[in-house]
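Raw contents of protein38.cif, mmCIF, C-alpha atoms, pLDDT in the B column; chains and numbers go by the auth columns:
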```cif
data_structure
#
loop_
_atom_site.group_PDB
_atom_site.id
_atom_site.type_symbol
_atom_site.label_atom_id
_atom_site.label_comp_id
_atom_site.label_asym_id
_atom_site.label_seq_id
_atom_site.Cartn_x
_atom_site.Cartn_y
_atom_site.Cartn_z
_atom_site.B_iso_or_equiv
_atom_site.auth_seq_id
_atom_site.auth_asym_id
ATOM 1 C CA MET A 1 40.771 -12.272 -26.875 41.00 1 A
ATOM 2 C CA ARG A 2 42.620 -9.139 -28.022 39.00 2 A
ATOM 3 C CA ARG A 3 39.318 -7.267 -28.338 39.00 3 A
ATOM 4 C CA GLN A 4 38.328 -8.236 -24.793 38.00 4 A
ATOM 5 C CA LEU A 5 41.680 -7.047 -23.442 32.00 5 A
ATOM 6 C CA LEU A 6 41.405 -3.761 -25.352 31.00 6 A
ATOM 7 C CA LEU A 7 37.861 -3.235 -24.071 30.00 7 A
ATOM 8 C CA ALA A 8 38.980 -3.899 -20.493 32.00 8 A
ATOM 9 C CA VAL A 9 41.809 -1.356 -20.811 33.00 9 A
ATOM 10 C CA VAL A 10 39.461 1.279 -22.261 35.00 10 A
ATOM 11 C CA LEU A 11 36.879 0.715 -19.530 35.00 11 A
ATOM 12 C CA ALA A 12 39.486 0.858 -16.778 40.00 12 A
ATOM 13 C CA ALA A 13 40.937 4.074 -18.180 43.00 13 A
ATOM 14 C CA GLY A 14 37.517 5.723 -18.304 49.00 14 A
ATOM 15 C CA CYS A 15 36.946 5.576 -14.529 63.00 15 A
ATOM 16 C CA ALA A 16 38.855 8.761 -13.627 72.00 16 A
ATOM 17 C CA SER A 17 39.334 12.014 -15.483 83.00 17 A
ATOM 18 C CA THR A 18 40.069 15.700 -15.113 90.00 18 A
ATOM 19 C CA HIS A 19 37.934 18.183 -17.018 90.00 19 A
ATOM 20 C CA ALA A 20 38.907 21.821 -17.596 94.00 20 A
ATOM 21 C CA THR A 21 36.745 24.884 -18.010 94.00 21 A
ATOM 22 C CA VAL A 22 38.983 27.607 -19.424 95.00 22 A
ATOM 23 C CA LEU A 23 38.047 30.909 -17.824 94.00 23 A
ATOM 24 C CA ASP A 24 39.116 33.244 -20.654 90.00 24 A
ATOM 25 C CA PRO A 25 39.268 31.452 -24.014 88.00 25 A
ATOM 26 C CA SER A 26 40.389 34.694 -25.700 87.00 26 A
ATOM 27 C CA SER A 27 43.594 34.926 -23.615 86.00 27 A
ATOM 28 C CA PRO A 28 46.842 34.009 -25.379 84.00 28 A
ATOM 29 C CA GLN A 29 47.810 30.359 -25.292 87.00 29 A
ATOM 30 C CA ARG A 30 50.576 29.673 -22.788 92.00 30 A
ATOM 31 C CA THR A 31 53.528 27.340 -23.176 93.00 31 A
ATOM 32 C CA ARG A 32 52.868 23.886 -21.726 96.00 32 A
ATOM 33 C CA VAL A 33 54.392 23.027 -18.366 97.00 33 A
ATOM 34 C CA CYS A 34 55.393 19.524 -17.291 97.00 34 A
ATOM 35 C CA PRO A 35 53.430 18.129 -14.308 97.00 35 A
ATOM 36 C CA ALA A 36 56.478 18.501 -12.012 97.00 36 A
ATOM 37 C CA GLY A 37 56.494 22.239 -12.796 97.00 37 A
ATOM 38 C CA VAL A 38 52.957 22.730 -11.465 98.00 38 A
ATOM 39 C CA GLN A 39 53.148 23.821 -7.823 97.00 39 A
ATOM 40 C CA LEU A 40 50.330 22.832 -5.453 96.00 40 A
ATOM 41 C CA PHE A 41 48.588 25.170 -3.012 96.00 41 A
ATOM 42 C CA THR A 42 45.926 24.297 -0.447 93.00 42 A
ATOM 43 C CA ASP A 43 44.644 27.876 -0.240 91.00 43 A
ATOM 44 C CA GLU A 44 44.815 30.941 -2.490 93.00 44 A
ATOM 45 C CA ALA A 45 46.372 32.977 0.349 94.00 45 A
ATOM 46 C CA LYS A 46 49.394 30.633 0.246 96.00 46 A
ATOM 47 C CA VAL A 47 50.263 31.536 -3.364 97.00 47 A
ATOM 48 C CA GLY A 48 52.019 34.688 -2.150 94.00 48 A
ATOM 49 C CA SER A 49 52.434 36.290 -5.600 96.00 49 A
ATOM 50 C CA PRO A 50 50.101 37.806 -8.171 97.00 50 A
ATOM 51 C CA TYR A 51 48.569 35.199 -10.474 97.00 51 A
ATOM 52 C CA THR A 52 46.022 34.767 -13.237 95.00 52 A
ATOM 53 C CA GLN A 53 43.299 32.143 -13.070 96.00 53 A
ATOM 54 C CA VAL A 54 43.539 29.939 -16.165 96.00 54 A
ATOM 55 C CA ALA A 55 40.843 27.291 -15.660 97.00 55 A
ATOM 56 C CA ILE A 56 38.607 25.485 -13.220 96.00 56 A
ATOM 57 C CA LEU A 57 39.587 21.808 -13.092 95.00 57 A
ATOM 58 C CA THR A 58 37.238 19.108 -11.884 89.00 58 A
ATOM 59 C CA TRP A 59 38.419 15.580 -11.195 81.00 59 A
ATOM 60 C CA HIS A 60 35.930 12.729 -11.126 76.00 60 A
ATOM 61 C CA ASP A 61 36.545 9.120 -10.224 71.00 61 A
ATOM 62 C CA ASP A 62 33.981 6.329 -10.102 70.00 62 A
ATOM 63 C CA ASP A 63 36.057 4.664 -7.381 69.00 63 A
ATOM 64 C CA PRO A 64 35.586 6.582 -4.099 62.00 64 A
ATOM 65 C CA THR A 65 38.617 4.778 -2.615 65.00 65 A
ATOM 66 C CA SER A 66 41.084 6.146 -5.193 67.00 66 A
ATOM 67 C CA GLY A 67 44.165 7.731 -3.699 71.00 67 A
ATOM 68 C CA ILE A 68 45.014 11.410 -3.732 77.00 68 A
ATOM 69 C CA GLU A 69 48.187 10.676 -5.748 84.00 69 A
ATOM 70 C CA LYS A 70 46.075 9.601 -8.722 84.00 70 A
ATOM 71 C CA MET A 71 44.031 12.794 -8.530 85.00 71 A
ATOM 72 C CA LEU A 72 47.059 15.079 -8.167 89.00 72 A
ATOM 73 C CA LYS A 73 48.819 13.446 -11.107 92.00 73 A
ATOM 74 C CA SER A 74 45.766 13.929 -13.325 91.00 74 A
ATOM 75 C CA GLN A 75 45.157 17.546 -12.276 94.00 75 A
ATOM 76 C CA ARG A 76 48.833 18.540 -12.571 96.00 76 A
ATOM 77 C CA LYS A 77 48.947 17.084 -16.060 96.00 77 A
ATOM 78 C CA LYS A 78 45.808 18.951 -17.169 96.00 78 A
ATOM 79 C CA ALA A 79 46.975 22.236 -15.600 97.00 79 A
ATOM 80 C CA GLY A 80 50.338 21.920 -17.330 97.00 80 A
ATOM 81 C CA GLU A 81 48.678 21.267 -20.690 96.00 81 A
ATOM 82 C CA LEU A 82 46.931 24.625 -20.266 96.00 82 A
ATOM 83 C CA GLY A 83 50.193 26.416 -19.420 96.00 83 A
ATOM 84 C CA ALA A 84 49.428 26.813 -15.717 97.00 84 A
ATOM 85 C CA ASN A 85 52.327 26.558 -13.260 97.00 85 A
ATOM 86 C CA GLY A 86 50.193 26.445 -10.120 98.00 86 A
ATOM 87 C CA LEU A 87 47.140 24.654 -8.813 97.00 87 A
ATOM 88 C CA ILE A 88 44.917 25.749 -5.917 97.00 88 A
ATOM 89 C CA LEU A 89 43.228 22.624 -4.589 92.00 89 A
ATOM 90 C CA GLY A 90 39.607 22.521 -3.474 86.00 90 A
ATOM 91 C CA GLU A 91 37.907 20.148 -1.068 78.00 91 A
ATOM 92 C CA SER A 92 37.222 16.560 -2.078 68.00 92 A
ATOM 93 C CA VAL A 93 33.541 15.641 -2.197 68.00 93 A
ATOM 94 C CA GLN A 94 31.911 12.223 -2.455 66.00 94 A
ATOM 95 C CA LEU A 95 28.731 12.377 -4.540 64.00 95 A
ATOM 96 C CA GLN A 96 26.029 9.990 -5.633 64.00 96 A
ATOM 97 C CA GLY A 97 25.257 9.822 -9.350 64.00 97 A
ATOM 98 C CA ARG A 98 23.087 7.704 -11.636 67.00 98 A
ATOM 99 C CA SER A 99 25.771 5.039 -11.895 64.00 99 A
ATOM 100 C CA GLY A 100 26.728 5.038 -8.203 64.00 100 A
ATOM 101 C CA ALA A 101 29.088 6.925 -5.907 62.00 101 A
ATOM 102 C CA PHE A 102 31.991 8.959 -7.227 60.00 102 A
ATOM 103 C CA VAL A 103 34.586 11.413 -5.944 63.00 103 A
ATOM 104 C CA SER A 104 34.880 14.958 -7.278 69.00 104 A
ATOM 105 C CA ARG A 105 37.599 17.462 -6.457 74.00 105 A
ATOM 106 C CA PRO A 106 37.698 20.934 -7.999 87.00 106 A
ATOM 107 C CA ALA A 107 40.866 22.999 -8.353 95.00 107 A
ATOM 108 C CA VAL A 108 41.860 26.283 -9.952 96.00 108 A
ATOM 109 C CA ALA A 109 44.735 26.159 -12.448 97.00 109 A
ATOM 110 C CA ILE A 110 46.743 29.388 -12.185 97.00 110 A
ATOM 111 C CA PHE A 111 49.648 31.081 -13.941 97.00 111 A
ATOM 112 C CA ILE A 112 52.157 32.803 -11.643 97.00 112 A
ATOM 113 C CA PRO A 113 54.450 35.013 -13.787 96.00 113 A
ATOM 114 C CA SER A 114 57.116 35.293 -11.058 96.00 114 A
ATOM 115 C CA ASP A 115 57.324 31.488 -10.787 96.00 115 A
ATOM 116 C CA THR A 116 58.304 30.635 -14.361 95.00 116 A
ATOM 117 C CA ALA A 117 62.004 30.092 -13.539 95.00 117 A
ATOM 118 C CA ARG A 118 61.157 27.584 -10.779 96.00 118 A
ATOM 119 C CA SER A 119 58.711 25.840 -13.044 95.00 119 A
ATOM 120 C CA ARG A 120 61.241 25.530 -15.892 95.00 120 A
ATOM 121 C CA ALA A 121 63.911 24.215 -13.517 96.00 121 A
ATOM 122 C CA ALA A 122 61.503 21.590 -12.145 96.00 122 A
ATOM 123 C CA CYS A 123 60.774 20.422 -15.689 95.00 123 A
ATOM 124 C CA ARG A 124 64.476 20.109 -16.558 93.00 124 A
ATOM 125 C CA SER A 125 65.312 17.851 -13.638 84.00 125 A
#
```

Would you write out, as structure tokens, the structure that this file holds?
Amino acid sequence: MRRQLLLAVVLAAGCASTHATVLDPSSPQRTRVCPAGVQLFTDEAKVGSPYTQVAILTWHDDDPTSGIEKMLKSQRKKAGELGANGLILGESVQLQGRSGAFVSRPAVAIFIPSDTARSRAACRS
């Protein structure tokens, strides 16, 4: 019974994930940022300050009806782990794969040097 429950939890957890492709692996490692410290942008023009692209994030979910909150939580967490304090969101796309339909949403994790104070304050509260 315990094995079946564990297997069910593992399978359920494997349905959605965010993958990162770091753009410059030779760049210095940045300090992690909590998910609340990662600001969201719908367009790069809305960033308003100079920034560095850290990674391309891709979110996949086998359930095409998953909510945007689940996706944002996952992408903010991954961006923060990479030391990014901003996230430029791409368009959501529903695709068909070998195992059925899934949702994919790319984003660009960015580091905005002038936004570190806001990011730190968001993580403290």

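Closest approach to Glu44 in chain A among A:Ala20, A:Met71, A:Ile88, A:Leu57 is made by A:Ile88 (distances from all atoms listed in the file).
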
For CA of Glu91 in chain A and CA of Phe41 in chain A, quote the distance in Å rounded to one decimal. 12.0 Å

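The closest residue to Gly67 in chain A, picked from A:Pro106, A:Ser119, A:Ala16, A:Cys34 and counting all atoms listed in the file, is A:Ala16.
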
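For Leu72 in chain A, the residues within 10 Å (counting only C-alpha atoms, excluding itself and residues fewer than 5 positions away along the chain) are Thr18, Pro35, Leu40, Trp59, Gly67, Lys77, Lys78, Leu87, Leu89 and Arg105 of chain A.
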
Shortest contact to Thr42 in chain A, candidates A:Lys70, A:Ser17, A:Asn85, A:Gly90, atoms counted all atoms listed in the file, goes to A:Gly90

So how far away is CA of Thr21 in chain A from CA of Ala55 in chain A, in Å? 5.3 Å

Atom pair CA of Ile112 in chain A / CA of Lys46 in chain A: separation (Å): 12.4 Å

Using all atoms listed in the file, which of A:Leu82, A:Ala107, A:Leu23, A:Cys123 sits nearest Gln53 in chain A? A:Leu23

Write out as a PyMOL selection string which residues come within 12 Å of Val33 in chain A when counting only C-alpha atoms, dropping same-chain ones fewer than 4 positions away. chain A and resi 37-39+76-86+109-111+115-124

I'd like the box whose edges run along x, y and z of the file and which contains every listed atom of range 16-24 of chain A, padded by 5 Å per side; could you state its centre and edge lengths in Å, one decimal, as JSON?
```
{"center_x": 38.4, "center_y": 21.0, "center_z": -17.1, "size_x": 13.3, "size_y": 34.5, "size_z": 17.0}
```
